[in-house]
Structure formats: structure tokens, C-alpha cells
Protein chains: 2
Amino acid sequence: MNKKELFYKLVSFTAAVHRVTNELTKNAKPDSISQVQYNILEFIAVNQPVTPSEINDCQNMSMSNTSRELSKLSEKKLIEKMIDSKDRRKQYVRLSQNGEVAMKEAFAVIETRFLNRIQNASKEDLIEIELAIDTLHKKLFHP
Amino acid sequence: MNKKELFYKLVSFTAAVHRVTNELTKNAKPDSISQVQYNILEFIAVNQPVTPSEINDCQNMSMSNTSRELSKLSEKKLIEKMIDSKDRRKQYVRLSQNGEVAMKEAFAVIETRFLNRIQNASKEDLIEIELAIDTLHKKLFHP
DNA sequence: CCTCTTAATTATCATTTGATAACTAAATTG
DNA sequence: CAATTTAGTTATCAAATGATAATTAAGAGG
């Protein structure tokens, strides 16, 4: 197994991850927000508090567009912004109470589908899956 | 480790996969096509030949929009369509020669970045990574 | 203080995308 | 053979997105 083969394996694997993620999250987001907005919201949920700059970097957006989408999320009362007291140019973004509720609901839908997907997995399978996730997260998909 | 914890681990993991995929594929696609078109092209590259219907299902698009995007890719000479001789309603889509070249170039960029990402991994790490990918692909991210 | 850089905002415009409906042509079914 | 279903196309329209440029405000460094 050389690195080139590993690369092709990775391509096929990430394609599968994307497909399954699509399937699990299909229609799970609140109707009031777009897909891009949901992606941002999920990123905030997992990493909060985050700065708008971090959102650009990770979501591969331009600053201006991130700013626009954050404004929309803010208007919809799903997030809150706080200015950094040390560097007043910076902001910290987190979910508002409404945002937490909305994400909790979305995650509940996704979790149900996930449980359905692994319903036939044995205890040993689950342990193996967990270890594999840890390995890949640490050794390949680290920040 | 219960299933709920595993679910949260999965959420954080898939977020990491998406972030790294973003990073690896950033600007790797030909300038002449959109992100959605690139996604379709990559799907075709990995699974060809595919039917338009399969593309909808996996990319979570509607038939009409898939059809439009395939027409654009066809105009750009990146794909070819062939009618199934047995069922003349069906089509098989594959990369054209130009499409193969374009994807080969894109994959070369992505592979370089991937190699860079794993440059510090030991032989043992790589074996572990490969096994972990196989496990997850088979037990969690299967079709 | 003055200049430069960083973080974020606002405005604008072309393009892409998603959604819907109406349509063609080829199977399938009964 | 008529009716229905399946696979895909085409047209259209509103909304979302990407790209760019100009602007504000706050640090950082000399």
C-alpha cells in the first residue's frame, strides 16, 4: 500500500462521507435558513465561540460574504455577536438561545437517522467504529 | 461509550472531514466550472459510468437541475452521454477525454496537498489510517 | 503621531442554484 | 393497444451565492 493508493482510497472515502452526511442531514435544517447558513450554524455549534475570520477560513468563504450571512443569522435571532474586550476589532460569535434550540432539533433528526443506520452494528462494531473515528480524526483530519 | 456519545463524535468528525476536504480541494477545480459541476464531475470520475438519476440521488439534486448541469458539462466537452441500448430512456454518463485530463489535473493538486498533510506520518500511522478508513467505509459510510 | 495592517461591514452586480411546471419519448402493464 | 410509469429535457423565475470594491474602526510599529 503506497501513498498513491491511500490517496485514492481517501477520495472514495470522503465521497462516501459526503454522501452519507447528505443523507443524514437532508431536510434536517430549519426551513428559514439556507444550506450555507446551516453549515455556518453547525460550525458555530461545534466550535463556539468562533470569530468571523475563522468561519471564512473553515467554510472557504470571503469575509464579505461571511459577514452578510452572519447578519442574516443574527436578524433571525439564531446567533449572537460579542466584541472581544482586548481587541475591539474582533468578534466572538455563538448560538443564541433560539439557535441552540434550532440546532438541538436539527441534531435530533440527524441522530435518529444515524441510530437507524447503525442499528445492526454489534457492540464490537461500535467499538471498532469509535476507535477508527478517533484514529482518523487525530492522524488525518486534524486541524 | 453509548450511541449518543458516538453520535456527537461523528458530528465533530464529519465536520473535520469537510473542513479538510475543503482545504485540499480549494481552487483545485478548473476555473471554467462551478462547485456543483465539480462535485458532479468528481462523482462521475469515481463511479463512472453513472446515470443522471444516480447523480440526483447521490448529490441530492432534482432531475431538472441535474439535467441542466450535465448539459453545461457536455457543452464544455468534459463529459459524454451514451444511450443504453437496452432501455433507450436511460443514459450513461462518463468523462470525456478532456474530462479525464481535467480531473487528473485536479486530483494531482489535491494529492500533493494530501501528501503534504501526511508527510510526518510514520509507516505504522499510514497502516493504521488505511485500516481505519476501511473500517469506517464498510461499517458506517456504506451506501 | 503617522502609516500600515487587520477585522469586519456595506453595497453592488453577475452567476449559480433551487424549485416548479409542462413536455417528450420510451418502457411497462393490464 | 391504451393507460401508466419511468427517464430525462426544457423553460422560467426567485433566491442564494460569489466576487469585487469602497469604507470604517481598531491595533501595531516606527
# chains A, B, ... in the order shown; residues from 1 in each chain; ligands from 1

$ closest_atom_pairs --of "chain C" --to "stretch 12-22 of chain D" --cutoff "12 Å" --atoms "only C-alpha atoms (C1' of nucleotides)" --output "JSON lines"
{"residue": "C:DT9", "atom": "C1'", "partner": "D:DA22", "partner_atom": "C1'", "distance": 10.6}
{"residue": "C:DT10", "atom": "C1'", "partner": "D:DA22", "partner_atom": "C1'", "distance": 8.8}
{"residue": "C:DA11", "atom": "C1'", "partner": "D:DA22", "partner_atom": "C1'", "distance": 8.7}
{"residue": "C:DT12", "atom": "C1'", "partner": "D:DT20", "partner_atom": "C1'", "distance": 8.9}
{"residue": "C:DC13", "atom": "C1'", "partner": "D:DA19", "partner_atom": "C1'", "distance": 9.2}
{"residue": "C:DA14", "atom": "C1'", "partner": "D:DA19", "partner_atom": "C1'", "distance": 9.0}
{"residue": "C:DT15", "atom": "C1'", "partner": "D:DG18", "partner_atom": "C1'", "distance": 8.0}
{"residue": "C:DT16", "atom": "C1'", "partner": "D:DT17", "partner_atom": "C1'", "distance": 7.0}
{"residue": "C:DT17", "atom": "C1'", "partner": "D:DA16", "partner_atom": "C1'", "distance": 7.1}
{"residue": "C:DG18", "atom": "C1'", "partner": "D:DA15", "partner_atom": "C1'", "distance": 8.2}
{"residue": "C:DA19", "atom": "C1'", "partner": "D:DA14", "partner_atom": "C1'", "distance": 9.1}
{"residue": "C:DT20", "atom": "C1'", "partner": "D:DT12", "partner_atom": "C1'", "distance": 8.9}
{"residue": "C:DA21", "atom": "C1'", "partner": "D:DT12", "partner_atom": "C1'", "distance": 9.2}
{"residue": "C:DA22", "atom": "C1'", "partner": "D:DT12", "partner_atom": "C1'", "distance": 11.0}

$ closest_atom_pairs --of "stretch 83-129 of chain B" --to "stretch 5-11 of chain D" --cutoff "10 Å" --atoms "only C-alpha atoms (C1' of nucleotides)" --output "Markdown table"
| residue | atom | partner | partner_atom | distance |
| --- | --- | --- | --- | --- |
| B:Asp87 | CA | D:DA7 | C1' | 9.6 |
| B:Arg88 | CA | D:DA7 | C1' | 9.0 |
| B:Arg89 | CA | D:DA7 | C1' | 5.3 |
| B:Lys90 | CA | D:DA7 | C1' | 5.9 |
| B:Gln91 | CA | D:DA7 | C1' | 8.4 |

$ write_last_selection --atoms "all heavy atoms" --output "short mmCIF file (atom, residue, chain, number, x, y, z; two decimals), in the first residue's frame"
data_model
loop_
_atom_site.label_atom_id
_atom_site.label_comp_id
_atom_site.auth_asym_id
_atom_site.auth_seq_id
_atom_site.Cartn_x
_atom_site.Cartn_y
_atom_site.Cartn_z
N ASP B 87 -32.46 -0.11 -22.72
CA ASP B 87 -33.56 0.77 -22.31
C ASP B 87 -33.22 2.17 -22.79
O ASP B 87 -32.44 2.89 -22.16
CB ASP B 87 -33.72 0.73 -20.79
CG ASP B 87 -34.89 1.59 -20.33
OD1 ASP B 87 -35.35 2.45 -21.12
OD2 ASP B 87 -35.35 1.42 -19.20
N ARG B 88 -33.82 2.55 -23.90
CA ARG B 88 -33.41 3.77 -24.56
C ARG B 88 -33.84 5.06 -23.85
O ARG B 88 -33.56 6.16 -24.33
CB ARG B 88 -33.89 3.76 -26.02
CG ARG B 88 -33.18 2.68 -26.88
CD ARG B 88 -33.88 2.37 -28.17
NE ARG B 88 -34.34 3.54 -28.89
CZ ARG B 88 -33.54 4.39 -29.52
NH1 ARG B 88 -32.24 4.17 -29.56
NH2 ARG B 88 -34.04 5.45 -30.14
N ARG B 89 -34.48 4.90 -22.68
CA ARG B 89 -34.75 6.11 -21.88
C ARG B 89 -33.53 6.47 -21.03
O ARG B 89 -33.32 7.61 -20.66
CB ARG B 89 -35.92 5.86 -20.91
CG ARG B 89 -37.24 5.73 -21.58
CD ARG B 89 -38.25 5.20 -20.60
NE ARG B 89 -37.78 3.97 -19.96
CZ ARG B 89 -38.45 3.31 -19.02
NH1 ARG B 89 -39.62 3.77 -18.60
NH2 ARG B 89 -37.98 2.21 -18.50
N LYS B 90 -32.76 5.44 -20.73
CA LYS B 90 -31.60 5.62 -19.84
C LYS B 90 -30.38 6.14 -20.56
O LYS B 90 -30.21 5.90 -21.76
CB LYS B 90 -31.21 4.28 -19.21
CG LYS B 90 -31.99 3.91 -17.99
CD LYS B 90 -31.29 2.75 -17.30
CE LYS B 90 -32.21 2.06 -16.32
NZ LYS B 90 -31.67 0.77 -15.87
N GLN B 91 -29.54 6.83 -19.79
CA GLN B 91 -28.27 7.29 -20.34
C GLN B 91 -27.14 6.85 -19.43
O GLN B 91 -27.33 6.72 -18.23
CB GLN B 91 -28.24 8.81 -20.40
CG GLN B 91 -29.21 9.40 -21.36
CD GLN B 91 -29.14 10.89 -21.36
OE1 GLN B 91 -28.36 11.46 -20.60
NE2 GLN B 91 -29.95 11.53 -22.17
#

$ select_by_dssp --residues "chain A" --states "helix (DSSP H, G or I)" --output "PyMOL selection string"
chain A and resi 3-25+35-47+52-59+63-75+97-117+123-139

$ closest_atom_pairs --of "chain A" --to "chain B" --cutoff "8 Å" --atoms "only C-alpha atoms" --output "CSV"
residue,atom,partner,partner_atom,distance
A:Lys3,CA,B:Leu115,CA,7.5
A:Lys4,CA,B:Glu111,CA,7.9
A:Leu6,CA,B:Glu130,CA,6.8
A:Phe7,CA,B:Glu111,CA,6.6
A:Lys9,CA,B:Ile133,CA,7.8
A:Leu10,CA,B:Ile133,CA,7.5
A:Ser12,CA,B:Val46,CA,7.0
A:Phe13,CA,B:His137,CA,6.2
A:Thr14,CA,B:Val17,CA,7.2
A:Ala15,CA,B:Phe43,CA,7.7
A:Ala16,CA,B:Phe141,CA,5.8
A:Val17,CA,B:Phe141,CA,5.9
A:His18,CA,B:His18,CA,7.8
A:Arg19,CA,B:Cys58,CA,6.1
A:Val20,CA,B:Phe141,CA,6.1
A:Thr21,CA,B:Thr14,CA,7.6
A:Asn22,CA,B:Asn60,CA,7.2
A:Phe43,CA,B:Ala15,CA,7.4
A:Val46,CA,B:Ser12,CA,6.7
A:Cys58,CA,B:Arg19,CA,5.8
A:Gln59,CA,B:Arg19,CA,7.0
A:Asn60,CA,B:Asn22,CA,6.9
A:Glu111,CA,B:Phe7,CA,6.6
A:Phe114,CA,B:Phe7,CA,7.3
A:Leu115,CA,B:Lys3,CA,7.5
A:Arg117,CA,B:Leu140,CA,7.6
A:Ile118,CA,B:Leu140,CA,7.1
A:Ala121,CA,B:Lys139,CA,7.8
A:Asp125,CA,B:Lys139,CA,7.5
A:Glu128,CA,B:Thr135,CA,7.5
A:Ile129,CA,B:Leu136,CA,6.2
A:Glu130,CA,B:Leu6,CA,6.8
A:Leu131,CA,B:Ala132,CA,7.9
A:Ala132,CA,B:Ala132,CA,4.5
A:Ile133,CA,B:Phe13,CA,7.0
A:Thr135,CA,B:Ile129,CA,6.8
A:Leu136,CA,B:Ile129,CA,6.1
A:His137,CA,B:Phe13,CA,6.2
A:Lys139,CA,B:Ile129,CA,7.3
A:Leu140,CA,B:Ile118,CA,7.1
A:Phe141,CA,B:Ala16,CA,5.8
A:His142,CA,B:Ala16,CA,7.1
A:Pro143,CA,B:Ala16,CA,7.5

$ write_last_selection --atoms "C-alpha atoms" --output "CSV table (one decimal), in the first residue's frame"
chain,number,residue,atom,x,y,z
A,3,LYS,CA,0.7,6.7,-0.6
A,4,LYS,CA,-0.9,7.0,-4.0
A,6,LEU,CA,-4.0,5.6,0.0
A,7,PHE,CA,-4.9,8.8,-1.7
A,9,LYS,CA,-8.9,5.3,-1.0
A,10,LEU,CA,-9.2,8.7,0.7
A,12,SER,CA,-13.5,7.4,-2.4
A,13,PHE,CA,-13.9,7.5,1.4
A,14,THR,CA,-14.5,11.3,1.6
A,15,ALA,CA,-17.1,10.9,-1.3
A,16,ALA,CA,-18.9,8.3,0.9
A,17,VAL,CA,-18.7,10.6,3.9
A,18,HIS,CA,-20.2,13.4,2.0
A,19,ARG,CA,-23.0,11.2,0.6
A,20,VAL,CA,-23.9,9.8,3.9
A,21,THR,CA,-23.8,13.2,5.5
A,22,ASN,CA,-26.1,14.5,2.8
A,43,PHE,CA,-19.7,25.1,12.5
A,46,VAL,CA,-19.4,22.6,17.2
A,58,CYS,CA,-13.0,26.9,7.5
A,59,GLN,CA,-16.0,27.4,5.3
A,60,ASN,CA,-13.9,28.7,2.4
A,111,GLU,CA,-29.3,11.4,15.4
A,114,PHE,CA,-27.8,7.9,12.5
A,115,LEU,CA,-29.2,5.4,15.0
A,117,ARG,CA,-28.0,3.5,10.2
A,118,ILE,CA,-26.1,1.7,12.9
A,121,ALA,CA,-24.0,-2.9,14.3
A,125,ASP,CA,-18.6,-3.0,15.6
A,128,GLU,CA,-14.2,-0.5,16.3
A,129,ILE,CA,-16.0,2.4,14.7
A,130,GLU,CA,-15.3,4.6,17.6
A,131,LEU,CA,-11.6,3.8,17.5
A,132,ALA,CA,-11.4,4.3,13.8
A,133,ILE,CA,-13.0,7.7,14.1
A,135,THR,CA,-7.6,7.5,14.7
A,136,LEU,CA,-8.6,9.3,11.6
A,137,HIS,CA,-9.6,12.4,13.4
A,139,LYS,CA,-3.9,11.4,12.4
A,140,LEU,CA,-5.6,12.6,9.2
A,141,PHE,CA,-8.3,15.1,9.7
A,142,HIS,CA,-6.7,17.1,12.4
A,143,PRO,CA,-6.9,20.9,12.1

$ select_by_dssp --residues "stretch 57-119 of chain A" --states "strand (DSSP E or B)" --output "MDAnalysis selection string"
chainID A and resid 79:83 91:95

$ write_last_selection --atoms "C-alpha atoms" --output "PDB file, in the first residue's frame"
ATOM      1  CA  ILE A  79     -26.659  33.786  16.774  1.00  0.00           C
ATOM      2  CA  GLU A  80     -25.167  36.474  18.993  1.00  0.00           C
ATOM      3  CA  LYS A  81     -22.054  38.523  18.470  1.00  0.00           C
ATOM      4  CA  MET A  82     -19.780  39.797  21.203  1.00  0.00           C
ATOM      5  CA  ILE A  83     -16.876  42.142  20.787  1.00  0.00           C
ATOM      6  CA  GLN A  91     -15.864  39.441  17.472  1.00  0.00           C
ATOM      7  CA  TYR A  92     -16.941  36.242  19.042  1.00  0.00           C
ATOM      8  CA  VAL A  93     -19.971  34.542  17.571  1.00  0.00           C
ATOM      9  CA  ARG A  94     -22.068  31.987  19.413  1.00  0.00           C
ATOM     10  CA  LEU A  95     -25.512  30.465  19.139  1.00  0.00           C
TER      11      LEU A  95
END

$ atom_distance --atom1 "atom CA of A:Thr66" --atom2 "atom CA of B:Asn56"
28.4 Å

$ atom_distance --atom1 "atom CA of A:Gly99" --atom2 "atom CA of A:Ser71"
13.8 Å

$ closest_residue --among "B:Ser96, B:Asn116, B:Ser74, B:Ser122" --to "B:Gln48" --atoms "only C-alpha atoms"
B:Ser96

$ atom_distance --atom1 "atom CA of A:Ser32" --atom2 "atom CA of A:Glu54"
24.0 Å

$ closest_residue --among "B:Leu24, B:Leu41, B:Met103, B:Leu70" --to "chain D" --atoms "only C-alpha atoms (C1' of nucleotides)"
B:Leu70
